[in-house]
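Notes follow once the structure below has been shown.
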Amino acid sequence: MREEADVVLVGLGAAGGIAAHVLTSAGLTVHAVEAGEWLRNEDFRADEINGSFYDNIRGQKFRRETPNWVHPDGSTQRATASPIGQMVNAVGGSSLHFAGWSRRFQADDFRARSNTIDAYGARAVSEDCTIADWPVGYDELEPYYTKTENLIGVSGVAHHVAGLGPADAGNPFEGVRAGQYPLPPMRPFAFGERFADAAKSLGYHPYPPPVAILSDDFDGRPGCSYCGWCLGQACRYGSKSSTLVTAIPKAFATGRLVIHSNKRVTRVLVDGDRAVGVRYVDAEGHESMIEARTVMLGAYTFENIRLLFLSRDGRHPDGLGNRYGQLGRNFICRQAIEVSGFFPGEDLQLVDGPAGQAMCVDDLNGDNFDHRGLGFVRGGTVAVENELTPIRAAKTLPPWIPRWGREYKKFLLRHWSAIGGLRAMPEALPYRGNALEVDWSSKEDGPLGLPRLAVRYSMRDNERRMRAFLAERMLELTREMGAAASWRGDLGFNVLSAHDVGGARMGRDPVTSVVDEFGRVHDVVDLYVLGGATFPTATGINPTLTIQALAWRTAEHVAGGK
Amino acid sequence: MEKSLRPFLESIADRVFPPDELGPGGCDIGAAEYVRRRLAGPRSADRLAVAALQDHLDASAREHWGAPFCDVGAPHQERLIEAILADDAQADVETVATLRLLIDMTVEGLFADPGHGGNRNEAGWRLLAGMAYPPRAR
């Protein structure tokens, strides 16, 4: 069977959903092929075990094809494992289960290399580090941030709206905005207020981060009920602004979006140097094709890169976008840092709302502070979140408390509400040797048996020093908050996080990058990559809103060119 | 015919979360049933390792007290678990990892949604006073 479309989208998640909306609004017909199911709000149910941190029942595809980890020197090889729920395979993708944080990158992030060298000299960047400036800047992306926020419904408080000057609110490190947020921030929560007080007394600038959760009714959807079952769960009320309940229904309503759920794309079809469609397999194993004038890869970083490798042909023997051996290079994995505090005799009230209720400081991010004498460049953001669910409460205890037996039971029942944590999102830099490649000898589980990716990765000194520095600041913060004891309890280093980016680097020079500033693959006409795979750097900020703003810009570019 | 893990999982459930004056133990809360279902379903890959752990604990219990793990009583059971988890333990890596996994699953069985077999009548949730469960809009 053959079908035809203006654009075929591979993956209908956070990025693909936005692209589908923009393309169909411009009159183009779009076929979206999504490996997961097409679910409705009524299908979702608060359940810690079925959520992303345990069974991740919506992420079975990813679990079957988890990449293997290889140390760059070849010394260690084993299956990767994510310390947290990796992703959702479904219409709406991981925007269904994420905590909702929708922050813009700083203007500084788009000039990470230049700003670092300008401030500290070329020697501040190690020889093996491939940190780069982005081919787009904050000002070029600002209109697309604004459009995305206004479409999906983001709740936050602005610091600097153009024409109004800086306000005594919001995040002072956020770039100048065209307008206010469409919705006010989420309501305050006790632990966040406590963190804000401590942060202020240490000279930081706390703010409630903007989130893709509705603080009030918006566009026919109800404001958040603060049920507190949100992180790693999909919202059964439609209050989380996933693409399933925002961009995708709008695209579908045009009559120009066809959704092929439960179907897996196995190959991008190329005629000469032009992408002409995709081949896919349905749940029964039947193969079909969709012909299209434009192909967009909107899967997660790993599947996007894998498909480019697997679609190799005589003209592209090493994979699409790999003429100069850049495909898979500059892969970055960012690992969270966790510090917890024990506040004996207190009830921190972490059960009365979603993780999207949060408080954050950006003072230690990017180049927002003087790095002279510290031995590392760049930084990260530090935050607290609401939302404590029972199994997490039962497993998050001080290191000196046994994990079983009478002492465990006694401590848990008495003190479960007296423990609260801080989490940092530290930037990790790109390096030579850290890369994604195909492991042709290792097949994914299941009938298709496609080769898995191998992740070549090791943590470097800059990141180790940055993590130690941030952990010290976090321990200071917990003491300032009044913790009787605090400890670092990282989830454990691994090579997967929820923010695996790079591998199809965006850049102007085809010799050192895979796609251009619009996500267009340099060596294949009409083939685009959406998503974090195109990021030149990881930043210390959640990637989703930037992924969506870039997808909007790419889709507008494609629609304008047709 | 594979021997039933049930009595072993019940013993473990009560050692992880002992019945005492603070409230019901892991077995009454249903944690063993939760683990049994996990090992028959989504975690079936770990079933053999758990069976090997039981064999290991049974052998140790017989060596010291002449009876299988389930029959030697709580204090002896605790000593055997402690021996595996001690920092200077002689137990092999696999045995330690399996015991940790089993403890982890048992804890899940105390507080998971009752639909998974544990947390019977929400007995686990009710022990965490102040948590508003089951989850609902407020």
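Ordering of the structure tokens sets the chain letters (A, B, ...), residue numbers begin anew at 1 in every chain, and ligands are numbered from 1 in the order given.
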Distance cut-off 10 Å, counting only C-alpha atoms - which residues of chain A neighbour chain B? Return them as number ranges by chain. A: 45-50, 54-55, 57, 224-229, 237, 347, 349-353, 388-395, 402-410, 412-417
For the structure I just gave you, how does DSSP split segment 43-129 of chain B - specifically, which residues are helix (DSSP H, G or I)? Reply as an MDAnalysis selection string. chainID B and resid 44:65 69:71 74:85 93:111 114:116 120:127
Give me the residues near Ala59 of chain B as a PDB file with N, CA and C atoms, in the first residue's frame, where near means some atom within 12 Å (using only C-alpha atoms) and where sequence neighbours in that chain fewer than 6 positions away do not count.
```
ATOM      1  N   ALA B  52      16.926 -18.712  43.568  1.00  0.00           N
ATOM      2  CA  ALA B  52      18.299 -19.040  43.995  1.00  0.00           C
ATOM      3  C   ALA B  52      18.605 -18.404  45.345  1.00  0.00           C
ATOM      4  N   LEU B  53      18.083 -17.208  45.565  1.00  0.00           N
ATOM      5  CA  LEU B  53      18.272 -16.547  46.856  1.00  0.00           C
ATOM      6  C   LEU B  53      17.596 -17.361  47.965  1.00  0.00           C
ATOM      7  N   TRP B  65      20.664 -23.926  61.990  1.00  0.00           N
ATOM      8  CA  TRP B  65      19.580 -24.268  62.905  1.00  0.00           C
ATOM      9  C   TRP B  65      18.780 -25.493  62.471  1.00  0.00           C
ATOM     10  N   GLY B  66      19.188 -26.138  61.389  1.00  0.00           N
ATOM     11  CA  GLY B  66      18.571 -27.395  60.991  1.00  0.00           C
ATOM     12  C   GLY B  66      17.173 -27.295  60.432  1.00  0.00           C
ATOM     13  N   ALA B  67      16.772 -26.104  59.956  1.00  0.00           N
ATOM     14  CA  ALA B  67      15.423 -25.946  59.382  1.00  0.00           C
ATOM     15  C   ALA B  67      15.491 -24.924  58.257  1.00  0.00           C
ATOM     16  N   PRO B  68      14.513 -24.973  57.337  1.00  0.00           N
ATOM     17  CA  PRO B  68      14.530 -23.976  56.248  1.00  0.00           C
ATOM     18  C   PRO B  68      14.250 -22.565  56.772  1.00  0.00           C
ATOM     19  N   PHE B  69      14.586 -21.586  55.940  1.00  0.00           N
ATOM     20  CA  PHE B  69      14.477 -20.166  56.300  1.00  0.00           C
ATOM     21  C   PHE B  69      13.132 -19.838  56.937  1.00  0.00           C
ATOM     22  N   CYS B  70      12.048 -20.310  56.308  1.00  0.00           N
ATOM     23  CA  CYS B  70      10.705 -19.935  56.764  1.00  0.00           C
ATOM     24  C   CYS B  70      10.422 -20.411  58.186  1.00  0.00           C
ATOM     25  N   VAL B  72      12.682 -20.825  60.879  1.00  0.00           N
ATOM     26  CA  VAL B  72      13.662 -20.592  61.957  1.00  0.00           C
ATOM     27  C   VAL B  72      13.322 -19.396  62.845  1.00  0.00           C
ATOM     28  N   LEU B  80      20.274 -13.741  59.190  1.00  0.00           N
ATOM     29  CA  LEU B  80      20.697 -14.219  57.870  1.00  0.00           C
ATOM     30  C   LEU B  80      20.655 -13.093  56.831  1.00  0.00           C
TER      31      LEU B  80
END
```
Give me the residues near segment 149-156 of chain A as a PyMOL selection string, where near means some atom within 8 Å (using only C-alpha atoms) and where sequence neighbours in that chain fewer than 2 positions away do not count. chain A and resi 102+145-147+158+170+181-186+208-215+218+241-243+246-247
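Every protein or nucleic acid residue with an atom no more than 9 Å from Val511 of chain A, counting only C-alpha atoms and leaving out same-chain residues fewer than 4 positions away, appears here: Arg323, Tyr324, Gly325 and Gln326 of chain A.
The shortest atom-to-atom distance to Ser75 of chain A, with only C-alpha atoms taken into account, belongs to A:Ser458 out of A:Leu496, A:Ala14, A:Phe309, A:Ser458.
Around segment 35-43 of chain A, within 8 Å and counting only C-alpha atoms, the residues found are A:Gly11, A:Val33, A:Arg45, A:Arg58, A:Lys61, A:Asn89, A:Ala90, A:Val91, A:Ala234, A:Cys235, A:Arg236, A:Tyr237, A:Gly238, A:Ser261, A:Asn262, A:Lys263, A:Arg264, A:Val265, once anything fewer than 2 positions away on its own chain is removed.
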Segment 552-560 of chain A environment, 12 Å, only C-alpha atoms, sequence neighbours closer than 3 positions dropped, as a compact mmCIF listing (two decimals) with N, CA, C and O atoms, in the first residue's frame:
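Written output follows (around.txt):
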```
# COMPACT_ATOMS: atom_id res chain seq x y z
N ASP A 6 2.04 15.80 1.92
CA ASP A 6 3.05 16.84 1.75
C ASP A 6 4.24 16.56 2.66
O ASP A 6 5.39 16.66 2.25
N VAL A 7 3.92 16.22 3.91
CA VAL A 7 4.97 15.98 4.90
C VAL A 7 4.67 14.68 5.62
O VAL A 7 3.52 14.44 6.01
N VAL A 8 5.66 13.86 5.83
CA VAL A 8 5.50 12.72 6.72
C VAL A 8 6.37 12.98 7.95
O VAL A 8 7.53 13.36 7.85
N LEU A 9 5.73 12.81 9.10
CA LEU A 9 6.38 13.04 10.39
C LEU A 9 6.63 11.70 11.05
O LEU A 9 5.73 10.87 11.12
N ALA A 14 6.30 15.71 21.61
CA ALA A 14 6.43 17.13 21.95
C ALA A 14 6.78 17.96 20.71
O ALA A 14 6.21 19.03 20.49
N ALA A 15 7.73 17.48 19.91
CA ALA A 15 8.18 18.22 18.73
C ALA A 15 7.24 18.01 17.55
O ALA A 15 6.78 18.97 16.92
N GLY A 16 6.92 16.75 17.25
CA GLY A 16 6.08 16.43 16.10
C GLY A 16 4.70 17.05 16.22
O GLY A 16 4.11 17.48 15.22
N GLY A 17 4.17 17.10 17.43
CA GLY A 17 2.84 17.68 17.63
C GLY A 17 2.81 19.15 17.23
O GLY A 17 1.88 19.61 16.56
N ILE A 18 3.84 19.88 17.64
CA ILE A 18 3.92 21.30 17.28
C ILE A 18 4.06 21.45 15.76
O ILE A 18 3.36 22.24 15.12
N ALA A 19 4.96 20.64 15.16
CA ALA A 19 5.16 20.73 13.71
C ALA A 19 3.86 20.42 12.97
O ALA A 19 3.51 21.11 12.01
N ALA A 20 3.13 19.40 13.44
CA ALA A 20 1.87 19.03 12.77
C ALA A 20 0.89 20.19 12.80
O ALA A 20 0.19 20.47 11.81
N HIS A 21 0.83 20.89 13.92
CA HIS A 21 -0.07 22.03 14.02
C HIS A 21 0.31 23.13 13.03
O HIS A 21 -0.55 23.66 12.31
N VAL A 22 1.57 23.47 12.99
CA VAL A 22 2.01 24.58 12.13
C VAL A 22 1.84 24.21 10.65
O VAL A 22 1.35 25.03 9.85
N LEU A 23 2.19 23.00 10.30
CA LEU A 23 2.11 22.57 8.90
C LEU A 23 0.67 22.49 8.42
O LEU A 23 0.33 22.97 7.33
N THR A 24 -0.22 21.90 9.23
CA THR A 24 -1.61 21.77 8.80
C THR A 24 -2.30 23.14 8.77
O THR A 24 -3.15 23.40 7.91
N SER A 25 -1.92 24.03 9.68
CA SER A 25 -2.48 25.39 9.67
C SER A 25 -2.12 26.10 8.37
O SER A 25 -2.87 26.96 7.89
N ALA A 26 -0.96 25.75 7.82
CA ALA A 26 -0.52 26.38 6.57
C ALA A 26 -1.10 25.69 5.34
O ALA A 26 -0.74 26.03 4.22
N GLY A 27 -1.96 24.70 5.56
CA GLY A 27 -2.64 24.06 4.44
C GLY A 27 -1.99 22.79 3.92
O GLY A 27 -2.45 22.21 2.94
N LEU A 28 -0.92 22.35 4.56
CA LEU A 28 -0.25 21.14 4.10
C LEU A 28 -0.91 19.89 4.69
O LEU A 28 -1.44 19.93 5.80
N THR A 29 -0.84 18.79 3.96
CA THR A 29 -1.32 17.53 4.51
C THR A 29 -0.14 16.81 5.16
O THR A 29 0.96 16.77 4.61
N VAL A 30 -0.41 16.27 6.34
CA VAL A 30 0.65 15.65 7.13
C VAL A 30 0.22 14.24 7.51
O VAL A 30 -0.90 14.03 7.99
N VAL A 136 21.51 29.69 15.72
CA VAL A 136 20.40 30.62 15.99
C VAL A 136 20.64 31.25 17.35
O VAL A 136 21.30 30.67 18.21
N GLU A 140 16.24 35.41 17.64
CA GLU A 140 15.58 34.74 16.51
C GLU A 140 14.55 33.73 16.99
O GLU A 140 13.55 33.47 16.32
N LEU A 141 14.80 33.14 18.16
CA LEU A 141 13.91 32.10 18.66
C LEU A 141 12.76 32.67 19.50
O LEU A 141 11.73 32.00 19.70
N GLU A 142 12.92 33.90 19.99
CA GLU A 142 11.93 34.49 20.90
C GLU A 142 10.50 34.42 20.37
O GLU A 142 9.58 34.00 21.09
N PRO A 143 10.26 34.79 19.10
CA PRO A 143 8.86 34.72 18.62
C PRO A 143 8.29 33.31 18.69
O PRO A 143 7.08 33.13 18.90
N TYR A 144 9.15 32.29 18.54
CA TYR A 144 8.67 30.91 18.53
C TYR A 144 8.46 30.39 19.96
O TYR A 144 7.58 29.58 20.21
N TYR A 145 9.28 30.88 20.88
CA TYR A 145 8.98 30.61 22.29
C TYR A 145 7.60 31.17 22.64
O TYR A 145 6.77 30.51 23.27
N THR A 146 7.36 32.41 22.24
CA THR A 146 6.10 33.08 22.56
C THR A 146 4.91 32.33 21.95
O THR A 146 3.90 32.08 22.63
N LYS A 147 5.04 31.97 20.67
CA LYS A 147 3.93 31.27 20.01
C LYS A 147 3.63 29.94 20.70
O LYS A 147 2.47 29.56 20.89
N THR A 148 4.70 29.22 21.07
CA THR A 148 4.50 27.92 21.72
C THR A 148 3.82 28.08 23.08
O THR A 148 2.85 27.39 23.40
N GLU A 149 4.33 29.02 23.87
CA GLU A 149 3.75 29.25 25.20
C GLU A 149 2.27 29.61 25.09
O GLU A 149 1.43 29.14 25.87
N LEU A 151 0.21 28.93 22.61
CA LEU A 151 -0.61 27.84 22.05
C LEU A 151 -0.94 26.81 23.12
O LEU A 151 -2.10 26.44 23.30
N ALA A 247 -1.65 20.94 20.68
CA ALA A 247 -1.34 21.12 19.26
C ALA A 247 -1.98 20.04 18.39
O ALA A 247 -2.47 20.32 17.29
N ARG A 293 6.74 14.89 0.11
CA ARG A 293 7.73 15.83 -0.42
C ARG A 293 8.77 16.19 0.64
O ARG A 293 9.87 16.60 0.32
N THR A 294 8.35 16.06 1.91
CA THR A 294 9.28 16.37 3.00
C THR A 294 9.15 15.30 4.08
O THR A 294 8.04 14.87 4.39
N VAL A 295 10.28 14.91 4.63
CA VAL A 295 10.30 13.96 5.74
C VAL A 295 10.88 14.66 6.97
O VAL A 295 11.93 15.31 6.88
N MET A 296 10.18 14.54 8.10
CA MET A 296 10.67 15.11 9.36
C MET A 296 10.79 14.01 10.40
O MET A 296 9.81 13.29 10.66
N LEU A 297 11.96 13.92 11.00
CA LEU A 297 12.17 12.96 12.08
C LEU A 297 11.90 13.65 13.41
O LEU A 297 12.62 14.56 13.80
N GLY A 298 10.85 13.21 14.09
CA GLY A 298 10.46 13.84 15.35
C GLY A 298 10.44 12.85 16.50
O GLY A 298 9.72 13.03 17.47
N VAL A 515 22.93 19.00 10.62
CA VAL A 515 21.77 19.74 10.09
C VAL A 515 22.06 21.24 10.16
O VAL A 515 22.95 21.68 10.91
N ASP A 516 21.27 22.00 9.41
CA ASP A 516 21.42 23.46 9.46
C ASP A 516 20.51 24.04 10.53
O ASP A 516 19.89 23.31 11.32
N GLU A 517 20.42 25.36 10.59
CA GLU A 517 19.68 25.99 11.69
C GLU A 517 18.18 25.68 11.65
O GLU A 517 17.49 25.91 12.64
N PHE A 518 17.68 25.17 10.52
CA PHE A 518 16.28 24.77 10.44
C PHE A 518 16.10 23.27 10.65
O PHE A 518 15.00 22.75 10.50
N GLY A 519 17.17 22.58 10.98
CA GLY A 519 17.07 21.14 11.18
C GLY A 519 17.16 20.35 9.89
O GLY A 519 16.92 19.14 9.88
N ARG A 520 17.50 21.04 8.78
CA ARG A 520 17.58 20.37 7.47
C ARG A 520 18.90 19.62 7.37
O ARG A 520 19.97 20.19 7.55
N VAL A 521 18.82 18.32 7.05
CA VAL A 521 20.03 17.51 6.94
C VAL A 521 20.87 18.03 5.77
O VAL A 521 20.37 18.23 4.67
N VAL A 525 18.29 16.44 0.65
CA VAL A 525 17.28 17.48 0.45
C VAL A 525 15.94 17.00 1.02
O VAL A 525 15.59 15.82 0.91
N ASP A 526 15.18 17.91 1.63
CA ASP A 526 13.83 17.64 2.13
C ASP A 526 13.78 16.65 3.30
O ASP A 526 12.76 16.02 3.54
N LEU A 527 14.88 16.52 4.01
CA LEU A 527 14.89 15.69 5.22
C LEU A 527 15.28 16.57 6.41
O LEU A 527 16.31 17.26 6.37
N TYR A 528 14.42 16.57 7.44
CA TYR A 528 14.62 17.45 8.61
C TYR A 528 14.67 16.61 9.89
O TYR A 528 14.02 15.58 9.99
N VAL A 529 15.42 17.12 10.86
CA VAL A 529 15.46 16.48 12.18
C VAL A 529 14.91 17.48 13.20
O VAL A 529 15.36 18.63 13.27
N LEU A 530 13.92 17.04 13.98
CA LEU A 530 13.39 17.84 15.08
C LEU A 530 13.94 17.27 16.38
O LEU A 530 14.36 16.13 16.45
N GLY A 531 13.90 18.07 17.42
CA GLY A 531 14.20 17.52 18.74
C GLY A 531 15.60 17.80 19.23
O GLY A 531 16.42 18.43 18.56
N THR A 534 19.45 17.80 17.72
CA THR A 534 20.10 18.87 16.96
C THR A 534 20.83 19.87 17.85
O THR A 534 21.52 20.74 17.33
N LEU A 545 10.75 23.12 25.87
CA LEU A 545 10.21 24.32 25.22
C LEU A 545 11.08 24.75 24.04
O LEU A 545 10.56 25.19 23.00
N THR A 546 12.39 24.59 24.17
CA THR A 546 13.28 24.95 23.06
C THR A 546 13.10 23.98 21.90
O THR A 546 13.10 24.38 20.73
N ILE A 547 12.92 22.68 22.21
CA ILE A 547 12.62 21.70 21.17
C ILE A 547 11.36 22.11 20.41
O ILE A 547 11.30 22.06 19.18
N GLN A 548 10.36 22.57 21.15
CA GLN A 548 9.08 22.92 20.51
C GLN A 548 9.20 24.22 19.72
O GLN A 548 8.63 24.34 18.63
N ALA A 549 9.94 25.19 20.24
CA ALA A 549 10.12 26.45 19.51
C ALA A 549 10.88 26.20 18.22
O ALA A 549 10.54 26.76 17.16
```
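Taking atom CA of Ala484 of chain A and atom CA of Met425 of chain A as the two end points, the separation is 24.5 Å.
Going from atom CA of Gly277 of chain A over to atom CA of Arg452 of chain A, you cover 22.8 Å.
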